[in-house]
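Below is protein_19.txt, holding compact mmCIF, C-alpha atoms.
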```
# COMPACT_ATOMS: atom_id res chain seq x y z
CA MET A 100 7.13 13.07 -16.42
CA GLY A 101 5.21 10.46 -18.48
CA ALA A 102 4.64 6.92 -17.26
CA VAL A 103 6.09 5.86 -13.92
CA ASN A 104 6.57 2.15 -13.27
CA LEU A 105 5.70 0.83 -9.82
CA LEU A 106 6.30 -2.65 -8.44
CA PHE A 107 4.09 -3.82 -5.58
CA VAL A 108 5.82 -6.66 -3.73
CA VAL A 109 3.58 -8.75 -1.47
CA GLN A 110 5.40 -10.88 1.08
CA ARG A 111 2.75 -11.62 3.68
CA PRO A 112 0.13 -14.40 3.54
CA PRO A 113 -3.57 -13.57 3.12
CA TYR A 114 -6.05 -12.90 5.94
CA LYS A 115 -3.37 -12.86 8.65
CA SER A 116 -2.43 -9.30 7.77
CA GLU A 117 -4.14 -6.40 6.01
CA ASN A 118 -1.05 -5.87 3.88
CA PRO A 119 -1.88 -8.06 0.85
CA ARG A 120 -5.31 -6.46 0.56
CA LEU A 121 -3.80 -2.98 0.85
CA ALA A 122 -1.29 -3.85 -1.87
CA LEU A 123 -4.07 -4.98 -4.19
CA THR A 124 -6.38 -2.03 -3.50
CA HIS A 125 -3.53 0.48 -3.87
CA ALA A 126 -2.43 -1.15 -7.14
CA ILE A 127 -5.99 -1.11 -8.48
CA ALA A 128 -6.27 2.57 -7.48
CA SER A 129 -3.73 3.33 -10.22
CA GLN A 130 -6.73 3.23 -12.56
CA THR A 131 -8.11 6.48 -11.15
CA ALA A 132 -4.88 8.21 -10.05
CA GLU A 133 -4.85 10.34 -13.20
CA ILE A 134 -7.37 12.74 -11.64
CA TYR A 135 -4.52 13.94 -9.39
CA MET A 136 -1.86 14.05 -12.12
CA ASP A 137 -0.77 16.42 -14.86
CA ASP A 138 -1.76 15.63 -18.44
CA GLY A 139 0.42 12.90 -19.89
CA ASP A 140 1.47 11.47 -16.54
CA SER A 141 0.46 7.98 -15.48
CA VAL A 142 1.45 5.14 -13.16
CA VAL A 143 2.02 1.63 -14.48
CA PRO A 144 1.86 -0.97 -11.71
CA ILE A 145 2.83 -4.64 -11.55
CA ILE A 146 1.96 -6.71 -8.49
CA VAL A 147 4.24 -9.58 -7.56
CA PHE A 148 3.77 -12.22 -4.87
CA VAL A 149 6.90 -13.60 -3.20
CA GLY A 150 7.75 -15.63 -0.09
CA ASP A 151 4.65 -16.56 1.94
CA GLY A 152 2.86 -13.95 -0.16
CA VAL A 153 2.37 -16.55 -2.93
CA LEU A 154 -0.35 -18.07 -0.71
CA ASN A 155 -2.52 -15.09 -1.69
CA VAL A 156 -2.78 -16.57 -5.18
CA VAL A 157 -4.17 -19.99 -4.14
CA LYS A 158 -7.49 -20.51 -5.94
CA ASP A 159 -10.99 -21.29 -4.61
CA GLN A 160 -10.74 -19.02 -1.56
CA GLN A 161 -13.84 -19.01 0.64
CA ALA A 162 -13.41 -15.69 2.46
CA MET A 163 -16.99 -14.53 1.90
CA LYS A 164 -18.36 -17.80 3.26
CA VAL A 165 -15.99 -17.99 6.23
CA TYR A 166 -15.27 -14.38 7.16
CA GLY A 167 -18.02 -12.48 5.32
CA VAL A 168 -15.46 -10.39 3.40
CA THR A 169 -14.37 -10.27 -0.22
CA SER A 170 -11.56 -12.69 -0.98
CA THR A 171 -8.04 -11.87 -1.99
CA GLU A 172 -8.83 -14.04 -5.00
CA SER A 173 -11.52 -11.60 -6.16
CA HIS A 174 -9.06 -8.70 -5.89
CA ILE A 175 -6.40 -10.61 -7.86
CA LYS A 176 -8.96 -11.37 -10.55
CA SER A 177 -9.93 -7.68 -10.61
CA CYS A 178 -6.28 -6.88 -11.31
CA LEU A 179 -6.28 -9.25 -14.29
CA LEU A 180 -9.56 -7.76 -15.48
CA ILE A 181 -8.03 -4.27 -15.67
CA ASP A 182 -4.87 -5.63 -17.36
CA LEU A 183 -2.73 -5.11 -14.27
CA PRO A 184 0.04 -7.73 -14.44
CA VAL A 185 0.06 -10.31 -11.61
CA TRP A 186 3.32 -12.20 -11.13
CA VAL A 187 4.03 -15.10 -8.78
CA CYS A 188 7.45 -16.36 -7.73
CA LYS A 189 7.92 -19.95 -8.95
CA GLU A 190 10.65 -20.83 -6.43
CA ASP A 191 8.42 -19.85 -3.50
CA MET A 192 5.54 -21.89 -4.92
CA THR A 193 7.82 -24.93 -5.07
CA ARG A 194 8.96 -24.29 -1.50
CA LEU A 195 5.32 -24.38 -0.35
CA GLY A 196 4.39 -27.39 -2.50
CA LEU A 197 2.16 -25.33 -4.79
CA LYS A 198 1.68 -26.09 -8.47
CA GLU A 199 0.13 -23.88 -11.14
CA GLU A 200 -3.04 -26.02 -10.97
CA ASN A 201 -3.47 -24.86 -7.34
CA MET A 202 -3.27 -21.21 -8.29
CA ILE A 203 -5.40 -18.43 -9.78
CA THR A 204 -4.20 -18.57 -13.37
CA ASP A 205 -6.78 -16.30 -15.00
CA ALA A 206 -10.04 -14.42 -14.52
CA GLU A 207 -11.84 -15.73 -17.58
CA ASP A 208 -15.03 -16.00 -15.50
CA MET A 209 -14.91 -12.19 -15.20
CA GLY A 210 -14.03 -11.67 -18.86
CA ALA A 211 -10.33 -10.91 -18.33
CA GLU A 212 -7.83 -11.66 -21.06
CA LEU A 213 -4.65 -11.21 -19.02
CA LYS A 214 -3.32 -14.29 -17.23
CA THR A 215 -1.21 -14.71 -14.11
CA LYS A 216 2.49 -15.00 -14.89
CA PHE A 217 4.61 -17.51 -12.96
CA VAL A 218 8.15 -16.19 -12.99
CA SER A 219 11.56 -16.88 -11.48
CA PHE A 220 12.97 -14.70 -8.74
CA ALA A 221 15.65 -13.59 -11.21
CA ASP A 222 12.90 -12.08 -13.37
CA ILE A 223 11.40 -10.36 -10.33
CA GLN A 224 14.77 -8.97 -9.31
CA LYS A 225 15.31 -7.61 -12.82
CA GLU A 226 11.96 -5.82 -12.61
CA MET A 227 12.81 -4.51 -9.12
CA GLU A 228 15.92 -2.91 -10.56
CA SER A 229 14.10 -1.28 -13.45
CA VAL A 230 11.10 0.40 -11.77
CA LYS A 231 11.07 3.89 -10.27
CA HIS A 232 9.48 2.87 -6.96
CA LEU A 233 9.16 -0.36 -4.99
CA LEU A 234 6.25 -0.75 -2.61
CA PHE A 235 6.69 -3.60 -0.13
CA PHE A 236 3.63 -5.01 1.57
CA MET B 55 15.88 20.21 -2.66
CA GLY B 56 13.98 17.00 -3.22
CA GLU B 57 10.55 15.63 -2.53
CA LEU B 58 10.06 12.66 -0.21
CA THR B 59 6.80 10.74 0.08
CA LEU B 60 6.25 8.38 3.00
CA GLY B 61 3.57 5.69 2.78
CA VAL B 62 2.92 4.69 6.39
CA PHE B 63 0.89 1.64 7.39
CA SER B 64 1.73 0.97 11.06
CA SER B 65 -0.56 1.65 14.00
CA LEU B 66 0.05 4.42 16.52
CA VAL B 67 0.26 1.90 19.34
CA GLY B 68 1.95 -1.45 18.88
CA SER B 69 5.16 -0.58 17.10
CA MET B 70 7.47 2.40 16.84
CA SER B 71 7.28 2.54 13.04
CA LEU B 72 4.83 5.43 13.04
CA ASP B 73 7.05 7.36 15.48
CA PHE B 74 10.00 6.66 13.19
CA SER B 75 8.05 7.97 10.19
CA PHE B 76 7.41 11.33 11.85
CA LYS B 77 11.03 11.58 13.02
CA LEU B 78 12.18 10.86 9.48
CA ALA B 79 9.77 13.46 8.09
CA GLU B 80 11.10 15.99 10.60
CA ALA B 81 14.69 15.24 9.60
CA GLY B 82 13.85 15.49 5.91
CA MET B 83 12.12 18.84 6.36
CA ALA B 84 15.02 20.14 8.48
CA LYS B 85 17.25 19.49 5.46
CA GLY B 86 14.87 21.51 3.29
CA HIS B 87 13.06 18.67 1.54
CA LYS B 88 9.35 18.69 0.75
CA VAL B 89 7.70 15.79 2.60
CA ASN B 90 4.34 14.17 1.91
CA MET B 91 2.84 11.52 4.16
CA TRP B 92 0.18 8.98 3.24
CA LEU B 93 -1.47 7.24 6.21
CA SER B 94 -3.18 3.97 5.37
CA GLY B 95 -4.11 0.70 7.06
CA ASN B 96 -3.76 0.96 10.84
CA ALA B 97 -1.80 4.22 10.50
CA VAL B 98 -5.16 5.96 10.06
CA MET B 99 -5.27 6.04 13.87
CA MET B 100 -3.61 9.43 13.36
CA ALA B 101 -6.88 10.64 11.81
CA LYS B 102 -8.54 10.94 15.21
CA LYS B 103 -8.03 14.32 16.87
CA GLY B 104 -7.87 14.91 20.59
CA GLN B 105 -5.84 11.86 21.54
CA LYS B 106 -4.70 12.09 25.14
CA PRO B 107 -0.94 11.85 25.62
CA PHE B 108 0.21 9.20 28.08
CA LYS B 109 3.85 8.50 28.77
CA ASP B 110 3.24 4.77 28.29
CA TYR B 111 2.12 5.21 24.69
CA SER B 112 3.39 6.86 21.55
CA HIS B 113 1.83 10.24 20.88
CA ASN B 114 2.55 11.86 17.53
CA GLU B 115 -0.25 14.39 17.17
CA LYS B 116 1.80 17.34 18.43
CA LEU B 117 4.77 16.65 16.13
CA MET B 118 2.45 15.95 13.20
CA LYS B 119 0.72 19.32 13.67
CA GLU B 120 4.09 21.09 13.91
CA LEU B 121 5.26 19.49 10.69
CA MET B 122 1.99 20.25 8.92
CA SER B 123 2.30 23.90 9.98
CA LYS B 124 5.72 23.90 8.27
CA GLY B 125 4.32 22.51 5.04
CA MET B 126 4.19 18.73 5.34
CA GLU B 127 1.20 17.39 3.44
CA VAL B 128 -0.56 14.61 5.37
CA THR B 129 -3.37 12.67 3.74
CA VAL B 130 -5.25 9.76 5.24
CA CYS B 131 -6.88 6.89 3.38
CA GLU B 132 -10.58 7.63 3.49
CA ALA B 133 -11.75 4.01 3.16
CA CYS B 134 -9.31 2.71 5.81
CA ALA B 135 -10.46 5.47 8.18
CA GLU B 136 -14.18 4.94 7.63
CA ALA B 137 -13.75 1.16 8.08
CA ARG B 138 -12.36 1.90 11.55
CA GLY B 139 -15.03 4.44 12.47
CA TYR B 140 -12.89 7.55 12.01
CA HIS B 141 -15.07 10.05 10.22
CA LYS B 142 -14.50 13.39 8.49
CA GLU B 143 -15.31 15.33 11.65
CA ASP B 144 -12.66 13.39 13.61
CA VAL B 145 -9.74 14.50 11.42
CA PRO B 146 -7.16 16.87 12.98
CA GLU B 147 -7.05 20.32 11.41
CA GLY B 148 -4.92 20.43 8.27
CA MET B 149 -5.06 16.71 7.51
CA LYS B 150 -6.70 15.71 4.24
CA ARG B 151 -8.69 12.60 3.39
CA ALA B 152 -8.50 10.97 -0.03
CA SER B 153 -8.75 7.64 -1.76
CA MET B 154 -5.69 5.52 -2.56
CA ASP B 155 -5.23 7.08 -5.98
CA TRP B 156 -3.91 10.24 -4.24
CA TYR B 157 -0.92 8.23 -3.03
CA LEU B 158 -0.38 6.58 -6.39
CA ALA B 159 -0.38 10.00 -8.06
CA LYS B 160 2.28 11.27 -5.63
CA THR B 161 4.67 8.55 -6.85
CA VAL B 162 4.99 10.35 -10.17
CA LYS B 163 6.61 13.58 -8.98
CA THR B 164 8.29 12.44 -5.78
CA ASP B 165 12.04 11.79 -5.84
CA LYS B 166 11.96 9.09 -3.18
CA LEU B 167 9.12 6.95 -1.97
CA LEU B 168 9.49 5.08 1.30
CA HIS B 169 7.03 2.49 2.40
CA ILE B 170 6.97 2.05 6.16
CA GLY B 171 5.34 -0.60 8.28
CA GLY B 172 2.22 -2.64 8.10
CA GLU B 173 1.20 -5.37 10.46
```

Would you write out, as structure tokens, the structure that this file holds?
Amino acid sequence: MGAVNLLFVVQRPPYKSENPRLALTHAIASQTAEIYMDDGDSVVPIIVFVGDGVLNVVKDQQAMKVYGVTSTESHIKSCLLIDLPVWVCKEDMTRLGLKEENMITDAEDMGAELKTKFVSFADIQKEMESVKHLLFF
Amino acid sequence: MGELTLGVFSSLVGSMSLDFSFKLAEAGMAKGHKVNMWLSGNAVMMAKKGQKPFKDYSHNEKLMKELMSKGMEVTVCEACAEARGYHKEDVPEGMKRASMDWYLAKTVKTDKLLHIGGE
């Protein structure tokens, strides 16, 4: 079968719903999925934030301080650390008055090289059409 | 025949999405398809055996057991279950527990993946 491309699409805002966290933890789980697969098979995920879901990518989250739980920010940075692409819809950022300076752009503090990609919805749609499975959260 | 994998995230009580998932699985199996079901998030409520059926609430344990006896593979997210206090000994007979990578691995071979629910 080889490599299977998966697109995780996050539409809900953080902390109001478990969905964004589940999207991130499921996407990160791709790192260990090979133990259940045949030799040569793999899953290649991308996680994309659209609609109110772009609020997940706002930087300086204080979830540990306020709620006593790990932040969505830390999970997004973990994605970047393991070279899992993180995309954010530019049009939805504009709609919510968010600029790149408000967002998690990298995880250099964790040693990650990959950076967040701010993309148009047209780019996201193109990716949606090319992957084998879409996972909406 | 094909293979269908359902990723289900809705709670047993509160919406009808979980009921729909089992009905869909039943219909798929009736057509001869192999069906796998991944229960995560609040859908792990299904990982508690001995739930009492009331007519006011959804009750899917009986149908789930019937479908499992016909070959449907049902696996529950271990972390989501433990976080809610559903332990290994609570799991209905035939249901498996695994980490999220089980679900990711299923996406490779399955013909169709349907993601249902979430709060």

**Message:** For a quick check of understanding, using all atoms listed in the file, which of A:Val218, A:Val165, A:Leu183, A:Val153 has the smallest distance to Pro112 in chain A?
**Reply:** A:Val153

**Request:** Determine, counting all atoms listed in the file, every residue of protein, DNA or RNA that lies within 12 Å of (-6.1, 15.5, 11.3) in the file coordinates, then give the result as a PyMOL selection string.
**Result:** chain B and resi 93+98-105+114-120+122-123+127-132+135+140-151

**Prompt:** In Å to one decimal, how far is CA of Ser64 in chain B from CA of Glu117 in chain A?
**Reply:** 10.7 Å

What's the 8 Å shell around Val147 in chain A, counting only C-alpha atoms, without same-chain residues fewer than 2 positions away, as a PDB file with C-alpha atoms, keeping the file's coordinate frame?
```
ATOM      1  CA  LEU A 106       6.300  -2.650  -8.440  1.00  0.00           C
ATOM      2  CA  PHE A 107       4.090  -3.820  -5.580  1.00  0.00           C
ATOM      3  CA  VAL A 108       5.820  -6.660  -3.730  1.00  0.00           C
ATOM      4  CA  VAL A 109       3.580  -8.750  -1.470  1.00  0.00           C
ATOM      5  CA  ILE A 145       2.830  -4.640 -11.550  1.00  0.00           C
ATOM      6  CA  VAL A 149       6.900 -13.600  -3.200  1.00  0.00           C
ATOM      7  CA  VAL A 185       0.060 -10.310 -11.610  1.00  0.00           C
ATOM      8  CA  TRP A 186       3.320 -12.200 -11.130  1.00  0.00           C
ATOM      9  CA  VAL A 187       4.030 -15.100  -8.780  1.00  0.00           C
ATOM     10  CA  CYS A 188       7.450 -16.360  -7.730  1.00  0.00           C
ATOM     11  CA  ILE A 223      11.400 -10.360 -10.330  1.00  0.00           C
TER      12      ILE A 223
END
```

Sorted per-residue table, chain B near chain A, closest atoms and distance, 9 Å, only C-alpha atoms, as JSON lines:
```
{"residue": "B:Gly61", "atom": "CA", "partner": "A:Leu234", "partner_atom": "CA", "distance": 8.8}
{"residue": "B:Phe63", "atom": "CA", "partner": "A:Asn118", "partner_atom": "CA", "distance": 8.5}
{"residue": "B:Ser94", "atom": "CA", "partner": "A:Leu121", "partner_atom": "CA", "distance": 8.3}
{"residue": "B:Gly95", "atom": "CA", "partner": "A:Glu117", "partner_atom": "CA", "distance": 7.2}
{"residue": "B:Asn96", "atom": "CA", "partner": "A:Glu117", "partner_atom": "CA", "distance": 8.8}
{"residue": "B:Ser153", "atom": "CA", "partner": "A:Ala128", "partner_atom": "CA", "distance": 8.0}
{"residue": "B:Met154", "atom": "CA", "partner": "A:His125", "partner_atom": "CA", "distance": 5.6}
{"residue": "B:Asp155", "atom": "CA", "partner": "A:Ala132", "partner_atom": "CA", "distance": 4.2}
{"residue": "B:Trp156", "atom": "CA", "partner": "A:Ala132", "partner_atom": "CA", "distance": 6.2}
{"residue": "B:Tyr157", "atom": "CA", "partner": "A:Ala132", "partner_atom": "CA", "distance": 8.1}
{"residue": "B:Leu158", "atom": "CA", "partner": "A:Ala132", "partner_atom": "CA", "distance": 6.0}
{"residue": "B:Ala159", "atom": "CA", "partner": "A:Ala132", "partner_atom": "CA", "distance": 5.2}
{"residue": "B:Lys160", "atom": "CA", "partner": "A:Met136", "partner_atom": "CA", "distance": 8.2}
{"residue": "B:Thr161", "atom": "CA", "partner": "A:His232", "partner_atom": "CA", "distance": 7.4}
{"residue": "B:Val162", "atom": "CA", "partner": "A:Val103", "partner_atom": "CA", "distance": 6.0}
{"residue": "B:Lys163", "atom": "CA", "partner": "A:Met100", "partner_atom": "CA", "distance": 7.5}
{"residue": "B:Lys166", "atom": "CA", "partner": "A:His232", "partner_atom": "CA", "distance": 7.7}
{"residue": "B:Leu167", "atom": "CA", "partner": "A:His232", "partner_atom": "CA", "distance": 6.5}
{"residue": "B:Leu168", "atom": "CA", "partner": "A:Leu234", "partner_atom": "CA", "distance": 7.7}
{"residue": "B:His169", "atom": "CA", "partner": "A:Leu234", "partner_atom": "CA", "distance": 6.0}
{"residue": "B:Ile170", "atom": "CA", "partner": "A:Phe235", "partner_atom": "CA", "distance": 8.5}
{"residue": "B:Gly171", "atom": "CA", "partner": "A:Phe236", "partner_atom": "CA", "distance": 8.2}
{"residue": "B:Gly172", "atom": "CA", "partner": "A:Asn118", "partner_atom": "CA", "distance": 6.2}
{"residue": "B:Glu173", "atom": "CA", "partner": "A:Ser116", "partner_atom": "CA", "distance": 6.0}
```

For C-alpha atoms, I'd like the residues from the last selection saved as a CSV table (one decimal), in the coordinates of the input.
```
chain,number,residue,atom,x,y,z
B,61,GLY,CA,3.6,5.7,2.8
B,63,PHE,CA,0.9,1.6,7.4
B,94,SER,CA,-3.2,4.0,5.4
B,95,GLY,CA,-4.1,0.7,7.1
B,96,ASN,CA,-3.8,1.0,10.8
B,153,SER,CA,-8.8,7.6,-1.8
B,154,MET,CA,-5.7,5.5,-2.6
B,155,ASP,CA,-5.2,7.1,-6.0
B,156,TRP,CA,-3.9,10.2,-4.2
B,157,TYR,CA,-0.9,8.2,-3.0
B,158,LEU,CA,-0.4,6.6,-6.4
B,159,ALA,CA,-0.4,10.0,-8.1
B,160,LYS,CA,2.3,11.3,-5.6
B,161,THR,CA,4.7,8.6,-6.8
B,162,VAL,CA,5.0,10.4,-10.2
B,163,LYS,CA,6.6,13.6,-9.0
B,166,LYS,CA,12.0,9.1,-3.2
B,167,LEU,CA,9.1,7.0,-2.0
B,168,LEU,CA,9.5,5.1,1.3
B,169,HIS,CA,7.0,2.5,2.4
B,170,ILE,CA,7.0,2.0,6.2
B,171,GLY,CA,5.3,-0.6,8.3
B,172,GLY,CA,2.2,-2.6,8.1
B,173,GLU,CA,1.2,-5.4,10.5
```
